[in-house]
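What follows is a set of notes on a single structure, which appears directly below.
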Amino acid sequence: MKQRKSLDQTEEKAKGAGKPQVKQSNRLMQEKSPYLLQHAENPVDWYPWGDAAFEKARSENKPVFLSIGYSTCHWCHVMAHESFEDLEVARLLNDAFISIKVDREERPDLDNIYMRVCQMLTGSGGWPLTILMTPEKKPFFAGTYIPREDSYGRIGMLDLIPRVKELSEVKHSAVLDSAGKFAAALQKTEDSAGGNDLSREILHMAFEELSQRFDEKSGGFSRAPKFPTPHNLYFLLRYWHQSKDKQALHMVEKTLQEMRQGGVYDHIGFGFHRYATDPEWLIPHFEKMLYDQALIAMAYTEAYQATGKKIYAQTVHEILSYVLRAMTSFAGGFYSGEDADSEGKEGKFYVWTEDELRAALRPDEADLIIRLFTVSKEGNFHDEATGQNTGANIFHLTGSFCESAHALKMTEHDLYLRFETVREKLFAIRGQRIHPHKDDKMLTDWNGLMIAALARAAQVFNTPAYADAAKKAASFILNNLHTPDGRLLHRYRDGEAKVAGMADDYAFFVWGLLELYETTFEAEHLITALALQHEMIEHFWDAQAGGFYFTADDAEKLLVRQKEFYDGAVPSGNSIAMLNLLRLARMTGQSTFEDKALGIARAFAESVSRVPSAYTQLLTAVSFARSPSHEIVIAGDPQAEDTKEMITALRRAFIPNKVVVLRPADKRSAAITAIAPYTREHTAIDGRATAYVCRNYACNLPTTSVDKMLELLKVKK
């Protein structure tokens, strides 16, 4: 697609001469969102979301043009260059609408509501999201990317805006009536009743659905676009662990291996791109998101526990090295994402031509890379507009390193060493290119996910640096996004913390804190998790129907107050909260947490029963509740070798349905016994590390033997 040049270029300024000039808006200049700042010099008279915009719309009796996107969104850039930087489109928008820009990552509450509107009206969604609505925030039109001019049956901005202006003036009452009816229908979707308890049968149903959707050739559970969806893999690993069904483990391993070999993985700088646009994981949408790195790293960590295969461990280390290198602030918080585009072209930073490789490397090194990654003169990355070959190549493997080594007649170890030397050279060369834009705002919910991933990796791989990074990030959140009254804020950037915390902020950060507790056994992390869980219950819980609302009871009043429970690219806050509540119940002995967890399952049971595989993170929590689970207390000196040996043995094995509490043998026990009074009776026998293993609240005799502990857990040493 041909993109228009931005207005700060001489050629475009010349084109604008003689056209009606539009006053540039500076309203977005005061915002902190990188996405809003990208539009601060548009000729469109943008407002940020707020009372001022809607008061203006009411006073001028104009509809509202709402545009939602995010700073690393490729098609958001395209629409900006084509339309929002164009003087003619801006003139029409400013005449017909009050225009509002929203960063979906900064305001997921707004994005959730209006994305659902788009899906209800059009059957699909995506970003940029375009909503036309009344000054009362009631929508009457929804779409995604809209070109400047009519194209292939898709209406363009130059045609759409005058039509809507005429409609809103000539048939104003009809527009209001339509918007009112749709708002009522949207509210009705939020009033659906819950159902009965979810039984274990729902787990089998989800497994069968995933099996039917599984791509046996390339892994994953769709054709294209193909998203990683790691919570499908969490669920399948637990299903395999309980049922011993080898197909479940096969689906996990096939997917992880194909992802790791595909172009969706950055083989030079590490980390995963957002999704693949093809069925083979070859051609990625090149943006990198923090949440993907966290969730995918967790999947590879658990796969390593389940299988012991080194490639999964290596992938975790590579993902986390990327995050700690490129996505971590000096203060310890994690940035949100990196753009797909650089120099105005998607993927330019990441792709290579054969000539570039031969110029940069020795002949033998170039030959190795060209063969290893199937590089060709024609390239495998096509021009977006014409579909023609560009000569650019997306690095991908056609088989495992073991298979490649065999084909190259060398050992896998030798191939890895040779590749690593060349990779470092290419990484250095790539570093001299113009980098994609980095969205450097820090979000509480996504930071919570990364804290959880780092903490779990620290446990499994015995890597203290990961635990240190997780602790530093948790401290960053508590120091900068935790209010004096105990509430969370959502976004931090450039010294400013803003936006009231939402359900995901609480749920994901509590998850991170629980993992951090089980990594460090520092009681303060569990104490904080408990306090935040109580805040979440107080301000988000639906006392009538169960489940957590996405926004707090004292948050800004929006068109509807939603509950999110669909596990999409990111799991829902309700799904994560359900497992948090179950873990907290088992750790502390407070059964009220378990009651709330089961209330979440009942609240959404009707929807979950219709398509179980759409709620695999929720079903991971259901699996914990409905399958045998273990509560393990280790009593002993945290620094003693026998205590460390017990803890290491627990971490080495894949035991998903467990919680672990450490009761120190000295005065430090006071903090944990205050939280979990039952642990007062759990003491070390004869000064030796002692394991108390319980199964669904029924406890075995304590043991000082690691082997006996693992036997009680039915783990093979």
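In the structure tokens, chains take letters A, B, ... by order of appearance, with residues numbered from 1 within each chain and ligands from 1 in the order shown.
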Write out as a PDB file with C-alpha atoms, in the first residue's frame each polymer residue whose atoms come within 8 Å of Arg688 (chain A), counting only C-alpha atoms; drop sequence neighbours fewer than 5 positions from it.
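Listing of result-v8.pdb after writing:
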```pdb
ATOM      1  CA  GLY A 636      14.097 -25.539  57.987  1.00  0.00           C
ATOM      2  CA  ASP A 642      19.331 -29.788  53.249  1.00  0.00           C
ATOM      3  CA  THR A 643      16.611 -27.127  52.932  1.00  0.00           C
ATOM      4  CA  THR A 704      13.252 -35.363  56.240  1.00  0.00           C
TER       5      THR A 704
END
```
- If you count only C-alpha atoms, which residues fall within 10 Å of Asp439 (chain A), apart from same-chain ones fewer than 5 positions away, as a list in words? Ser33, Pro34, Tyr35, Tyr70, Ser71, Thr72, Met289, Met327, Tyr335, Ser336, Gly337, Glu338, Asp339 and Arg493 of chain A
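For the pair CA of Leu581 (chain A) and CA of Glu594 (chain A), the interatomic distance is 6.0 Å.
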- Item | Surrounding residues of Leu357 (chain A) excluding itself and chain neighbours under 2 positions, 10 Å, only C-alpha atoms, as a list in words |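 Answer for this query is Trp352, Thr353, Glu354, Asp355, Ala359, Ala360, Leu361, Arg362, Pro363, Glu365, Ala366, Asp367, Ile369, Ile370, Val375 and Leu426 of chain A.
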- Query: Quick one: of A:Ile268, A:Leu559, A:Glu515, A:Tyr692, who's nearest to Thr134 (chain A), counting only C-alpha atoms?
  - Reply: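 Selected residue with least distance to Thr134 (chain A): A:Leu559.
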Env of Val660 (chain A): 7 Å cut, atoms = only C-alpha atoms, seq-sep filter 2 positions within chain, self excluded. Answer as a CSV table (one decimal) with C-alpha atoms, in the first residue's frame.
```csv
chain,number,residue,atom,x,y,z
A,518,GLU,CA,7.9,-19.1,46.1
A,631,GLU,CA,0.2,-28.0,49.9
A,632,ILE,CA,3.8,-28.4,50.8
A,633,VAL,CA,5.4,-26.8,53.9
A,658,LYS,CA,1.0,-27.3,44.2
A,662,LEU,CA,8.7,-22.1,53.8
```
- Task: Excluding region 472-478 of chain A and any residue of its chain fewer than 4 positions from it, enumerate the residues within 7 Å of it, using only C-alpha atoms, and give them as JSON, numbers by chain.
- Result: {"A": [331, 332, 333, 444, 451, 468, 482]}
- Query: region 23-52 of chain A: which residues are alpha helix (DSSP H) by DSSP, as a ChimeraX atom specification?
  - Reply: /A:34-38,51-52
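Counting only C-alpha atoms, the residue from A:Ala614, A:Ala428, A:Leu198, A:Leu701 that sits nearest to Ala601 (chain A) is A:Leu198.
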- Minimum-distance residue to Tyr300 (chain A), chosen among A:Glu420, A:Phe461, A:Glu208, A:Gly143 (using only C-alpha atoms): A:Phe461
- Within 8 Å of region 675-683 of chain A, counting only C-alpha atoms, which residues qualify if same-chain residues fewer than 6 places away don't, as a count of residues only? 11
